[in-house]
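Asks: Sharing data-v4.cif below, mmCIF, C-alpha atoms, pLDDT in the B column; chains and numbers go by the auth columns:
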data_entry
loop_
_atom_site.group_PDB
_atom_site.id
_atom_site.type_symbol
_atom_site.label_atom_id
_atom_site.label_comp_id
_atom_site.label_asym_id
_atom_site.label_seq_id
_atom_site.Cartn_x
_atom_site.Cartn_y
_atom_site.Cartn_z
_atom_site.B_iso_or_equiv
_atom_site.auth_seq_id
_atom_site.auth_asym_id
ATOM 1 C CA ASN A 1 31.915 -25.157 -0.519 75.00 13 A
ATOM 2 C CA VAL A 2 29.162 -26.855 1.504 81.00 14 A
ATOM 3 C CA ALA A 3 31.587 -29.544 2.641 87.00 15 A
ATOM 4 C CA MET A 4 33.996 -26.827 3.740 88.00 16 A
ATOM 5 C CA ASP A 5 31.211 -25.089 5.682 87.00 17 A
ATOM 6 C CA VAL A 6 30.370 -28.320 7.519 90.00 18 A
ATOM 7 C CA VAL A 7 34.017 -28.991 8.335 93.00 19 A
ATOM 8 C CA ARG A 8 34.552 -25.458 9.577 91.00 20 A
ATOM 9 C CA MET A 9 31.583 -25.712 11.958 91.00 21 A
ATOM 10 C CA LEU A 10 32.806 -29.035 13.351 94.00 22 A
ATOM 11 C CA ALA A 11 36.377 -27.821 13.768 94.00 23 A
ATOM 12 C CA ARG A 12 35.898 -24.384 15.277 91.00 24 A
ATOM 13 C CA ALA A 13 36.109 -23.751 19.008 89.00 25 A
ATOM 14 C CA PRO A 14 32.789 -22.789 20.680 87.00 26 A
ATOM 15 C CA GLU A 15 34.354 -19.456 21.629 88.00 27 A
ATOM 16 C CA GLU A 16 34.781 -18.666 17.928 87.00 28 A
ATOM 17 C CA LEU A 17 31.193 -19.664 17.136 89.00 29 A
ATOM 18 C CA VAL A 18 29.746 -17.364 19.816 89.00 30 A
ATOM 19 C CA GLU A 19 30.663 -14.430 17.571 86.00 31 A
ATOM 20 C CA THR A 20 28.490 -15.799 14.737 86.00 32 A
ATOM 21 C CA ASP A 21 24.707 -15.946 14.336 89.00 33 A
ATOM 22 C CA ILE A 22 24.624 -19.691 15.016 91.00 34 A
ATOM 23 C CA ALA A 23 21.427 -20.955 16.671 93.00 35 A
ATOM 24 C CA ASP A 24 21.700 -21.367 20.457 94.00 36 A
ATOM 25 C CA TYR A 25 20.721 -25.045 20.403 94.00 37 A
ATOM 26 C CA ALA A 26 23.380 -25.812 17.779 93.00 38 A
ATOM 27 C CA LEU A 27 26.024 -23.931 19.724 94.00 39 A
ATOM 28 C CA GLU A 28 25.120 -25.852 22.869 94.00 40 A
ATOM 29 C CA ALA A 29 25.438 -29.164 21.026 93.00 41 A
ATOM 30 C CA LEU A 30 28.827 -28.177 19.618 93.00 42 A
ATOM 31 C CA ARG A 31 30.025 -27.171 23.095 93.00 43 A
ATOM 32 C CA HIS A 32 29.752 -30.868 24.005 93.00 44 A
ATOM 33 C CA SER A 33 31.185 -32.165 20.737 92.00 45 A
ATOM 34 C CA GLN A 34 33.694 -34.987 21.070 92.00 46 A
ATOM 35 C CA VAL A 35 34.793 -34.751 17.433 94.00 47 A
ATOM 36 C CA LYS A 36 38.586 -34.927 17.252 95.00 48 A
ATOM 37 C CA GLU A 37 39.245 -35.936 13.644 97.00 49 A
ATOM 38 C CA ILE A 38 37.412 -34.751 10.537 97.00 50 A
ATOM 39 C CA LEU A 39 37.923 -36.284 7.100 96.00 51 A
ATOM 40 C CA ILE A 40 37.098 -34.513 3.851 95.00 52 A
ATOM 41 C CA LEU A 41 36.679 -37.161 1.146 95.00 53 A
ATOM 42 C CA GLY A 42 36.745 -35.938 -2.452 93.00 54 A
ATOM 43 C CA ARG A 43 35.612 -38.112 -5.353 93.00 55 A
ATOM 44 C CA ARG A 44 38.026 -36.428 -7.753 94.00 56 A
ATOM 45 C CA GLY A 45 41.613 -35.226 -7.426 96.00 57 A
ATOM 46 C CA PRO A 46 43.093 -32.048 -5.943 96.00 58 A
ATOM 47 C CA VAL A 47 42.994 -30.278 -9.310 94.00 59 A
ATOM 48 C CA GLN A 48 39.249 -30.891 -9.733 92.00 60 A
ATOM 49 C CA THR A 49 38.191 -29.444 -6.368 89.00 61 A
ATOM 50 C CA LYS A 50 35.304 -26.971 -6.614 83.00 62 A
ATOM 51 C CA PHE A 51 35.607 -25.080 -3.336 85.00 63 A
ATOM 52 C CA THR A 52 36.781 -21.489 -3.649 88.00 64 A
ATOM 53 C CA HIS A 53 40.322 -20.520 -2.773 91.00 65 A
ATOM 54 C CA ALA A 54 38.975 -18.215 -0.047 90.00 66 A
ATOM 55 C CA GLU A 55 37.233 -21.179 1.625 89.00 67 A
ATOM 56 C CA LEU A 56 40.380 -23.288 1.459 92.00 68 A
ATOM 57 C CA LYS A 57 42.599 -20.549 2.892 92.00 69 A
ATOM 58 C CA GLU A 58 40.138 -19.919 5.718 90.00 70 A
ATOM 59 C CA LEU A 59 40.243 -23.590 6.628 90.00 71 A
ATOM 60 C CA GLY A 60 43.980 -23.283 7.165 90.00 72 A
ATOM 61 C CA GLU A 61 43.468 -20.345 9.509 90.00 73 A
ATOM 62 C CA LEU A 62 41.366 -22.219 12.078 91.00 74 A
ATOM 63 C CA ALA A 63 42.859 -21.815 15.548 89.00 75 A
ATOM 64 C CA ASN A 64 41.471 -25.109 16.813 92.00 76 A
ATOM 65 C CA ALA A 65 42.499 -27.555 14.074 95.00 77 A
ATOM 66 C CA ASP A 66 45.533 -28.802 12.151 96.00 78 A
ATOM 67 C CA ILE A 67 45.131 -29.470 8.421 96.00 79 A
ATOM 68 C CA ILE A 68 46.635 -32.796 7.367 97.00 80 A
ATOM 69 C CA VAL A 69 47.315 -33.571 3.700 97.00 81 A
ATOM 70 C CA ASP A 70 49.464 -36.534 2.718 97.00 82 A
ATOM 71 C CA PRO A 71 51.787 -35.401 -0.110 97.00 83 A
ATOM 72 C CA SER A 72 50.994 -38.632 -1.950 96.00 84 A
ATOM 73 C CA GLU A 73 47.353 -37.474 -2.191 95.00 85 A
ATOM 74 C CA LEU A 74 48.567 -34.561 -4.322 96.00 86 A
ATOM 75 C CA GLU A 75 50.393 -36.626 -6.933 95.00 87 A
ATOM 76 C CA LEU A 76 48.798 -35.863 -10.300 95.00 88 A
ATOM 77 C CA ASP A 77 47.839 -38.142 -13.141 94.00 89 A
ATOM 78 C CA PRO A 78 48.750 -36.975 -16.679 94.00 90 A
ATOM 79 C CA LEU A 79 45.251 -35.631 -17.424 93.00 91 A
ATOM 80 C CA SER A 80 45.144 -33.557 -14.242 94.00 92 A
ATOM 81 C CA GLU A 81 48.669 -32.277 -14.735 94.00 93 A
ATOM 82 C CA GLU A 82 47.872 -31.173 -18.263 93.00 94 A
ATOM 83 C CA TYR A 83 44.724 -29.383 -17.069 91.00 95 A
ATOM 84 C CA LEU A 84 46.548 -27.691 -14.171 92.00 96 A
ATOM 85 C CA HIS A 85 49.241 -26.265 -16.422 91.00 97 A
ATOM 86 C CA SER A 86 46.859 -25.267 -19.215 90.00 98 A
ATOM 87 C CA GLY A 87 46.107 -21.961 -17.486 85.00 99 A
ATOM 88 C CA GLU A 88 42.396 -22.597 -18.021 85.00 100 A
ATOM 89 C CA ASP A 89 41.496 -22.610 -14.331 88.00 101 A
ATOM 90 C CA ARG A 90 43.349 -20.138 -12.112 91.00 102 A
ATOM 91 C CA SER A 91 41.318 -21.186 -9.079 91.00 103 A
ATOM 92 C CA ALA A 92 42.568 -24.760 -9.466 92.00 104 A
ATOM 93 C CA GLU A 93 46.146 -23.485 -9.626 95.00 105 A
ATOM 94 C CA ARG A 94 45.742 -21.451 -6.425 95.00 106 A
ATOM 95 C CA ASN A 95 44.015 -24.316 -4.619 95.00 107 A
ATOM 96 C CA TYR A 96 46.748 -26.748 -5.583 96.00 108 A
ATOM 97 C CA VAL A 97 49.497 -24.415 -4.317 96.00 109 A
ATOM 98 C CA THR A 98 47.677 -24.010 -0.987 96.00 110 A
ATOM 99 C CA LEU A 99 47.155 -27.771 -0.649 97.00 111 A
ATOM 100 C CA GLN A 100 50.898 -28.231 -1.206 97.00 112 A
ATOM 101 C CA GLU A 101 51.526 -25.742 1.593 96.00 113 A
ATOM 102 C CA PHE A 102 49.221 -27.703 3.899 97.00 114 A
ATOM 103 C CA ALA A 103 51.008 -30.945 2.998 97.00 115 A
ATOM 104 C CA HIS A 104 54.390 -29.521 3.986 96.00 116 A
ATOM 105 C CA THR A 105 53.304 -27.728 7.169 94.00 117 A
ATOM 106 C CA PRO A 106 53.986 -29.762 10.346 94.00 118 A
ATOM 107 C CA ALA A 107 51.031 -30.354 12.668 93.00 119 A
ATOM 108 C CA GLN A 108 50.918 -27.928 15.594 93.00 120 A
ATOM 109 C CA GLY A 109 49.217 -30.285 18.071 94.00 121 A
ATOM 110 C CA ARG A 110 45.876 -28.474 18.007 95.00 122 A
ATOM 111 C CA PRO A 111 42.814 -30.162 19.579 93.00 123 A
ATOM 112 C CA ARG A 112 41.324 -31.285 16.247 96.00 124 A
ATOM 113 C CA ARG A 113 42.651 -32.630 12.961 97.00 125 A
ATOM 114 C CA ILE A 114 41.202 -32.076 9.492 97.00 126 A
ATOM 115 C CA ILE A 115 42.409 -34.732 7.061 97.00 127 A
ATOM 116 C CA MET A 116 41.904 -34.099 3.349 97.00 128 A
ATOM 117 C CA ARG A 117 41.639 -37.115 1.049 97.00 129 A
ATOM 118 C CA PHE A 118 41.153 -37.263 -2.702 97.00 130 A
ATOM 119 C CA LEU A 119 40.040 -39.789 -5.332 97.00 131 A
ATOM 120 C CA VAL A 120 37.822 -41.815 -2.991 97.00 132 A
ATOM 121 C CA SER A 121 34.064 -42.416 -3.252 95.00 133 A
ATOM 122 C CA PRO A 122 31.873 -43.878 -0.500 95.00 134 A
ATOM 123 C CA VAL A 123 30.172 -47.117 -1.490 96.00 135 A
ATOM 124 C CA GLU A 124 28.791 -48.381 1.826 97.00 136 A
ATOM 125 C CA ILE A 125 28.132 -47.172 5.371 97.00 137 A
ATOM 126 C CA LEU A 126 28.937 -49.930 7.865 97.00 138 A
ATOM 127 C CA GLY A 127 27.404 -50.473 11.316 96.00 139 A
ATOM 128 C CA ASP A 128 24.295 -52.013 12.859 92.00 140 A
ATOM 129 C CA GLN A 129 22.967 -49.594 15.494 93.00 141 A
ATOM 130 C CA HIS A 130 25.080 -46.616 14.480 95.00 142 A
ATOM 131 C CA VAL A 131 27.719 -45.608 11.956 96.00 143 A
ATOM 132 C CA GLU A 132 30.957 -47.525 12.555 97.00 144 A
ATOM 133 C CA ALA A 133 32.868 -47.245 9.288 98.00 145 A
ATOM 134 C CA LEU A 134 32.749 -46.071 5.705 97.00 146 A
ATOM 135 C CA ARG A 135 33.775 -48.307 2.819 98.00 147 A
ATOM 136 C CA VAL A 136 35.264 -46.328 -0.051 98.00 148 A
ATOM 137 C CA VAL A 137 36.552 -47.155 -3.503 98.00 149 A
ATOM 138 C CA HIS A 138 39.706 -45.537 -4.832 98.00 150 A
ATOM 139 C CA ASN A 139 39.202 -43.647 -8.087 97.00 151 A
ATOM 140 C CA GLN A 140 41.352 -42.603 -10.986 96.00 152 A
ATOM 141 C CA ILE A 141 40.808 -39.638 -13.277 95.00 153 A
ATOM 142 C CA CYS A 142 39.550 -40.454 -16.746 94.00 154 A
ATOM 143 C CA GLU A 143 38.069 -38.415 -19.578 90.00 155 A
ATOM 144 C CA ARG A 144 34.366 -38.812 -20.303 83.00 156 A
ATOM 145 C CA GLU A 145 32.693 -36.637 -22.945 75.00 157 A
ATOM 146 C CA HIS A 146 35.472 -34.058 -22.571 75.00 158 A
ATOM 147 C CA PHE A 147 35.131 -33.969 -18.762 82.00 159 A
ATOM 148 C CA LEU A 148 37.704 -35.150 -16.219 87.00 160 A
ATOM 149 C CA SER A 149 35.690 -37.591 -14.141 89.00 161 A
ATOM 150 C CA PRO A 150 36.367 -40.032 -11.281 93.00 162 A
ATOM 151 C CA CYS A 151 36.372 -43.643 -12.463 95.00 163 A
ATOM 152 C CA PRO A 152 36.326 -46.400 -9.813 96.00 164 A
ATOM 153 C CA THR A 153 39.135 -48.935 -9.596 97.00 165 A
ATOM 154 C CA GLU A 154 39.143 -52.355 -7.909 97.00 166 A
ATOM 155 C CA ASP A 155 40.891 -50.903 -4.839 97.00 167 A
ATOM 156 C CA PHE A 156 38.716 -50.531 -1.719 98.00 168 A
ATOM 157 C CA GLU A 157 39.390 -49.209 1.774 97.00 169 A
ATOM 158 C CA THR A 158 37.433 -49.234 5.042 98.00 170 A
ATOM 159 C CA ILE A 159 37.723 -46.096 7.182 97.00 171 A
ATOM 160 C CA PRO A 160 36.502 -46.127 10.824 97.00 172 A
ATOM 161 C CA VAL A 161 34.085 -43.215 11.329 96.00 173 A
ATOM 162 C CA GLY A 162 31.290 -42.325 13.721 95.00 174 A
ATOM 163 C CA LEU A 163 29.459 -39.631 11.753 94.00 175 A
ATOM 164 C CA VAL A 164 28.856 -39.005 8.049 95.00 176 A
ATOM 165 C CA PHE A 165 27.777 -35.857 6.210 92.00 177 A
ATOM 166 C CA ARG A 166 26.982 -35.936 2.503 86.00 178 A
ATOM 167 C CA SER A 167 27.875 -33.026 0.234 78.00 179 A
ATOM 168 C CA ILE A 168 27.858 -34.126 -3.388 70.00 180 A
ATOM 169 C CA GLY A 169 27.588 -30.773 -5.128 69.00 181 A
ATOM 170 C CA TYR A 170 25.288 -29.553 -7.868 77.00 182 A
ATOM 171 C CA HIS A 171 25.278 -29.912 -11.634 83.00 183 A
ATOM 172 C CA GLY A 172 22.433 -28.786 -13.826 90.00 184 A
ATOM 173 C CA VAL A 173 20.488 -31.234 -15.997 91.00 185 A
ATOM 174 C CA PRO A 174 18.871 -30.523 -19.374 93.00 186 A
ATOM 175 C CA LEU A 175 15.168 -29.963 -19.973 92.00 187 A
ATOM 176 C CA PRO A 176 13.416 -31.240 -23.122 92.00 188 A
ATOM 177 C CA GLY A 177 13.452 -28.651 -25.868 89.00 189 A
ATOM 178 C CA VAL A 178 15.667 -26.204 -23.947 93.00 190 A
ATOM 179 C CA PRO A 179 19.280 -25.452 -24.992 93.00 191 A
ATOM 180 C CA PHE A 180 21.861 -26.842 -22.557 94.00 192 A
ATOM 181 C CA ASP A 181 25.602 -26.426 -22.015 92.00 193 A
ATOM 182 C CA ARG A 182 26.709 -29.877 -20.851 88.00 194 A
ATOM 183 C CA LYS A 183 30.238 -28.800 -20.017 84.00 195 A
ATOM 184 C CA HIS A 184 29.175 -26.168 -17.496 86.00 196 A
ATOM 185 C CA GLY A 185 25.801 -27.652 -16.517 90.00 197 A
ATOM 186 C CA VAL A 186 23.893 -24.447 -17.326 94.00 198 A
ATOM 187 C CA ILE A 187 21.350 -23.161 -19.822 95.00 199 A
ATOM 188 C CA PRO A 188 23.261 -20.858 -22.212 95.00 200 A
ATOM 189 C CA ASN A 189 22.089 -17.279 -21.868 95.00 201 A
ATOM 190 C CA PHE A 190 22.983 -13.625 -22.183 94.00 202 A
ATOM 191 C CA GLU A 191 22.017 -11.644 -19.085 93.00 203 A
ATOM 192 C CA GLY A 192 19.340 -14.247 -18.346 94.00 204 A
ATOM 193 C CA ARG A 193 17.872 -14.478 -21.857 96.00 205 A
ATOM 194 C CA VAL A 194 18.134 -18.050 -23.145 96.00 206 A
ATOM 195 C CA GLN A 195 20.261 -18.535 -26.264 94.00 207 A
ATOM 196 C CA ASP A 196 20.289 -21.396 -28.756 89.00 208 A
ATOM 197 C CA GLU A 197 23.363 -23.242 -30.035 83.00 209 A
ATOM 198 C CA ILE A 198 24.296 -20.418 -32.448 86.00 210 A
ATOM 199 C CA GLY A 199 23.872 -17.676 -29.845 87.00 211 A
ATOM 200 C CA ALA A 200 20.468 -16.430 -30.990 90.00 212 A
ATOM 201 C CA THR A 201 18.133 -15.271 -28.220 90.00 213 A
ATOM 202 C CA GLN A 202 14.987 -17.374 -27.734 89.00 214 A
ATOM 203 C CA PRO A 203 12.052 -14.929 -27.332 90.00 215 A
ATOM 204 C CA GLY A 204 10.161 -15.309 -24.068 92.00 216 A
ATOM 205 C CA ASP A 205 12.650 -17.716 -22.459 94.00 217 A
ATOM 206 C CA TYR A 206 14.591 -16.603 -19.367 96.00 218 A
ATOM 207 C CA VAL A 207 16.771 -18.315 -16.772 95.00 219 A
ATOM 208 C CA VAL A 208 17.928 -17.426 -13.240 94.00 220 A
ATOM 209 C CA GLY A 209 19.968 -18.832 -10.357 91.00 221 A
ATOM 210 C CA TRP A 210 22.413 -21.705 -10.550 89.00 222 A
ATOM 211 C CA ILE A 211 21.028 -23.038 -13.826 93.00 223 A
ATOM 212 C CA LYS A 212 21.920 -19.604 -15.216 93.00 224 A
ATOM 213 C CA ARG A 213 25.426 -19.142 -13.769 89.00 225 A
ATOM 214 C CA GLY A 214 26.379 -22.498 -12.213 87.00 226 A
ATOM 215 C CA PRO A 215 26.698 -23.222 -8.472 80.00 227 A
ATOM 216 C CA SER A 216 28.422 -20.336 -6.763 73.00 228 A
ATOM 217 C CA GLY A 217 28.470 -18.488 -3.486 64.00 229 A
ATOM 218 C CA ILE A 218 29.847 -18.835 0.031 56.00 230 A
ATOM 219 C CA ILE A 219 27.789 -19.397 3.162 49.00 231 A
#
Output the file's structure in the form of structure tokens.
Replies:
Amino acid sequence: NVAMDVVRMLARAPEELVETDIADYALEALRHSQVKEILILGRRGPVQTKFTHAELKELGELANADIIVDPSELELDPLSEEYLHSGEDRSAERNYVTLQEFAHTPAQGRPRRIIMRFLVSPVEILGDQHVEALRVVHNQICEREHFLSPCPTEDFETIPVGLVFRSIGYHGVPLPGVPFDRKHGVIPNFEGRVQDEIGATQPGDYVVGWIKRGPSGII
């Protein structure tokens, strides 16, 4: 979702931003923005995206930018296809349908272009005095400890860019002596009361925020 927020700010027309509570200095800088092309680079595939469907749909409604998705970027590996059709993640299903719609919608010639890429991880920022390019490695989906994870291949690509924003997401980590749900990256709990591996409440132990419910929310 943070990546989507950044993209939306870069892609919107200043006239749209005036209606928001954006800081005056930021609005003035964006009035002089020369950004024409914005790339969203995802480490995993289109099925593993973690932005909400509302964020994705809103991106497609921007008046100032075309959304570009190469249909080949949406081709699924067997693991992703199995997960998509398992019915386990309705958000992933909705996102994938919307991405397909983007891929088959002709560009309208708007002032800016948002290009969505998947299965690429940055490995090096190139340039001496300023950012000139980003070197990325192409990934493939593999299963690690019951998770669908991006695994690097031997295929690299250099993408000319002039500006880089990092948005790598959040995943909880365990604490010594505290129960932990590795699949969801949270401390197991019932209404904030920490539970052990058999579901018994641990007296005096409580949890709040993202380590309680996982990363969620829209800016």
Asks: The PyMOL selection byres ((chain A and resi 196-202) around 10) - which residues does that actually catch in the file I just gave you? List them as an MDAnalysis selection string.
Replies: chainID A and resid 159 182:187 190:195 203:209 211:214 217:227
Asks: Write the residues of the selection above to a file with C-alpha atoms, as a PDB file, in the coordinates of the input.
Replies:
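As written to disk, out.pdb reads:
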ATOM      1  CA  PHE A 159      35.131 -33.969 -18.762  1.00 82.00           C
ATOM      2  CA  TYR A 182      25.288 -29.553  -7.868  1.00 77.00           C
ATOM      3  CA  HIS A 183      25.278 -29.912 -11.634  1.00 83.00           C
ATOM      4  CA  GLY A 184      22.433 -28.786 -13.826  1.00 90.00           C
ATOM      5  CA  VAL A 185      20.488 -31.234 -15.997  1.00 91.00           C
ATOM      6  CA  PRO A 186      18.871 -30.523 -19.374  1.00 93.00           C
ATOM      7  CA  LEU A 187      15.168 -29.963 -19.973  1.00 92.00           C
ATOM      8  CA  VAL A 190      15.667 -26.204 -23.947  1.00 93.00           C
ATOM      9  CA  PRO A 191      19.280 -25.452 -24.992  1.00 93.00           C
ATOM     10  CA  PHE A 192      21.861 -26.842 -22.557  1.00 94.00           C
ATOM     11  CA  ASP A 193      25.602 -26.426 -22.015  1.00 92.00           C
ATOM     12  CA  ARG A 194      26.709 -29.877 -20.851  1.00 88.00           C
ATOM     13  CA  LYS A 195      30.238 -28.800 -20.017  1.00 84.00           C
ATOM     14  CA  GLU A 203      22.017 -11.644 -19.085  1.00 93.00           C
ATOM     15  CA  GLY A 204      19.340 -14.247 -18.346  1.00 94.00           C
ATOM     16  CA  ARG A 205      17.872 -14.478 -21.857  1.00 96.00           C
ATOM     17  CA  VAL A 206      18.134 -18.050 -23.145  1.00 96.00           C
ATOM     18  CA  GLN A 207      20.261 -18.535 -26.264  1.00 94.00           C
ATOM     19  CA  ASP A 208      20.289 -21.396 -28.756  1.00 89.00           C
ATOM     20  CA  GLU A 209      23.363 -23.242 -30.035  1.00 83.00           C
ATOM     21  CA  GLY A 211      23.872 -17.676 -29.845  1.00 87.00           C
ATOM     22  CA  ALA A 212      20.468 -16.430 -30.990  1.00 90.00           C
ATOM     23  CA  THR A 213      18.133 -15.271 -28.220  1.00 90.00           C
ATOM     24  CA  GLN A 214      14.987 -17.374 -27.734  1.00 89.00           C
ATOM     25  CA  ASP A 217      12.650 -17.716 -22.459  1.00 94.00           C
ATOM     26  CA  TYR A 218      14.591 -16.603 -19.367  1.00 96.00           C
ATOM     27  CA  VAL A 219      16.771 -18.315 -16.772  1.00 95.00           C
ATOM     28  CA  VAL A 220      17.928 -17.426 -13.240  1.00 94.00           C
ATOM     29  CA  GLY A 221      19.968 -18.832 -10.357  1.00 91.00           C
ATOM     30  CA  TRP A 222      22.413 -21.705 -10.550  1.00 89.00           C
ATOM     31  CA  ILE A 223      21.028 -23.038 -13.826  1.00 93.00           C
ATOM     32  CA  LYS A 224      21.920 -19.604 -15.216  1.00 93.00           C
ATOM     33  CA  ARG A 225      25.426 -19.142 -13.769  1.00 89.00           C
ATOM     34  CA  GLY A 226      26.379 -22.498 -12.213  1.00 87.00           C
ATOM     35  CA  PRO A 227      26.698 -23.222  -8.472  1.00 80.00           C
TER      36      PRO A 227
END
Asks: Once the PyMOL selection byres ((chain A and resi 58) around 10) has been applied to the shown file, what residues remain in the selection, as a list in words?
Replies: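 Applied to this file, the PyMOL selection byres ((chain A and resi 58) around 10) returns Gly54, Arg55, Arg56, Gly57, Val59, Gln60, Thr61, Lys62, Glu85, Leu86, Glu87, Leu88, Ser92, Leu96, Ala104, Glu105, Asn107, Tyr108, Leu111, Gln112, Met128, Arg129, Phe130 and Leu131 of chain A.
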Asks: Which residues come within 10 Å of Gly139 in chain A, counting all atoms listed in the file, excluding same-chain residues fewer than 5 positions away, as a PyMOL selection string?
Replies: chain A and resi 144-146+173-174
Asks: Residues within 12 Å of Leu175 in chain A, please, as a list of chain:residue names. Count all atoms listed in the file; anything in the same chain fewer than 6 positions from it doesn't count.
Replies: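 Skipping anything fewer than 6 positions along the chain leaves A:Leu22, A:Ser45, A:Gln46, A:Val47, A:Lys48, A:Glu49, A:Ile50, A:Leu51, A:Ile137, A:Leu138, A:Gly139, A:His142, A:Val143, A:Glu144, A:Ala145, A:Leu146.
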Asks: Could you tell me how far CA of Glu113 in chain A sits from CA of Leu42 in chain A, in Å to one decimal place?
Replies: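 Interatomic distance, CA of Leu42 in chain A to CA of Glu113 in chain A: 29.1 Å.
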Asks: Would you write out, as an MDAnalysis selection string, every residue that the PyMOL selection byres ((chain A and resi 180) around 9) captures in this file?
Replies: chainID A and resid 14:15 55 178:179 181:182
Asks: Could you work out how far CA of Val19 in chain A lies from CA of Tyr37 in chain A, giving the answer in Å with one decimal?
Replies: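 Value for the CA of Tyr37 in chain A-CA of Val19 in chain A distance: 18.4 Å.
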Asks: Grab the CA of His97 in chain A to CA of Leu160 in chain A distance for me, in Å with one decimal place.
Replies: 14.6 Å
Asks: Of the candidates A:Ile80, A:Ile52, A:Met16, A:Ile171, which shows the shortest atom-to-atom distance to His65 in chain A, using only C-alpha atoms?
Replies: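 Under the stated criterion, the closest residue is A:Met16.
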Asks: Considering all atoms listed in the file, return as a list of chain:residue names whatever protein or nucleic-acid residues lie within 10 Å of range 25-31 of chain A, sequence-local ones (same chain, fewer than 4 positions apart) excluded.
Replies: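 The filter keeps A:Arg20, A:Met21, A:Ala35, A:Asp36, A:Ala38, A:Leu39, A:Glu40, A:Ala41, A:Leu42, A:Arg43, A:His44, A:Ser45, A:Leu74, A:Ala75, A:Asn76, A:Ala77, A:Pro123, A:Arg124.
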Asks: Using only C-alpha atoms, pick whichever of A:Gly99, A:Pro134, A:Pro164, A:Gly72 has the shortest atom-to-atom distance to Gln120 in chain A.
Replies: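 When distances to Gln120 in chain A are compared using only C-alpha atoms, the smallest one comes from A:Gly72.
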Asks: Starting from the sparse input, extend range 178-182 of chain A to all heavy atoms and give the output as an mmCIF file, in the frame of the given file.
Replies:
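Done, and the output landed in part23.cif:
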data_model
loop_
_atom_site.group_PDB
_atom_site.id
_atom_site.type_symbol
_atom_site.label_atom_id
_atom_site.label_comp_id
_atom_site.auth_asym_id
_atom_site.auth_seq_id
_atom_site.Cartn_x
_atom_site.Cartn_y
_atom_site.Cartn_z
ATOM 1 N N ARG A 178 26.898 -35.831 3.961
ATOM 2 C CA ARG A 178 26.982 -35.936 2.503
ATOM 3 C C ARG A 178 26.935 -34.542 1.877
ATOM 4 O O ARG A 178 26.080 -33.729 2.203
ATOM 5 C CB ARG A 178 25.827 -36.775 1.967
ATOM 6 C CG ARG A 178 25.890 -36.977 0.456
ATOM 7 C CD ARG A 178 24.787 -37.877 -0.025
ATOM 8 N NE ARG A 178 23.464 -37.266 0.131
ATOM 9 C CZ ARG A 178 22.364 -37.763 -0.419
ATOM 10 N NH1 ARG A 178 22.419 -38.885 -1.111
ATOM 11 N NH2 ARG A 178 21.208 -37.165 -0.244
ATOM 12 N N SER A 179 27.869 -34.286 0.982
ATOM 13 C CA SER A 179 27.875 -33.026 0.234
ATOM 14 C C SER A 179 28.379 -33.337 -1.164
ATOM 15 O O SER A 179 29.577 -33.358 -1.408
ATOM 16 C CB SER A 179 28.782 -31.995 0.917
ATOM 17 O OG SER A 179 28.891 -30.836 0.134
ATOM 18 N N ILE A 180 27.466 -33.595 -2.081
ATOM 19 C CA ILE A 180 27.858 -34.126 -3.388
ATOM 20 C C ILE A 180 27.850 -33.077 -4.488
ATOM 21 O O ILE A 180 28.125 -33.373 -5.639
ATOM 22 C CB ILE A 180 26.967 -35.306 -3.803
ATOM 23 C CG1 ILE A 180 25.493 -34.869 -3.876
ATOM 24 C CG2 ILE A 180 27.133 -36.463 -2.843
ATOM 25 C CD1 ILE A 180 24.574 -35.912 -4.457
ATOM 26 N N GLY A 181 27.513 -31.828 -4.128
ATOM 27 C CA GLY A 181 27.588 -30.773 -5.128
ATOM 28 C C GLY A 181 26.359 -30.709 -6.023
ATOM 29 O O GLY A 181 25.380 -31.425 -5.841
ATOM 30 N N TYR A 182 26.420 -29.824 -6.986
ATOM 31 C CA TYR A 182 25.288 -29.553 -7.868
ATOM 32 C C TYR A 182 25.772 -29.465 -9.307
ATOM 33 O O TYR A 182 26.817 -28.872 -9.578
ATOM 34 C CB TYR A 182 24.627 -28.221 -7.473
ATOM 35 C CG TYR A 182 23.619 -27.706 -8.475
ATOM 36 C CD1 TYR A 182 22.276 -28.037 -8.367
ATOM 37 C CD2 TYR A 182 24.015 -26.894 -9.535
ATOM 38 C CE1 TYR A 182 21.341 -27.563 -9.280
ATOM 39 C CE2 TYR A 182 23.095 -26.419 -10.465
ATOM 40 C CZ TYR A 182 21.764 -26.756 -10.320
ATOM 41 O OH TYR A 182 20.849 -26.290 -11.241
#
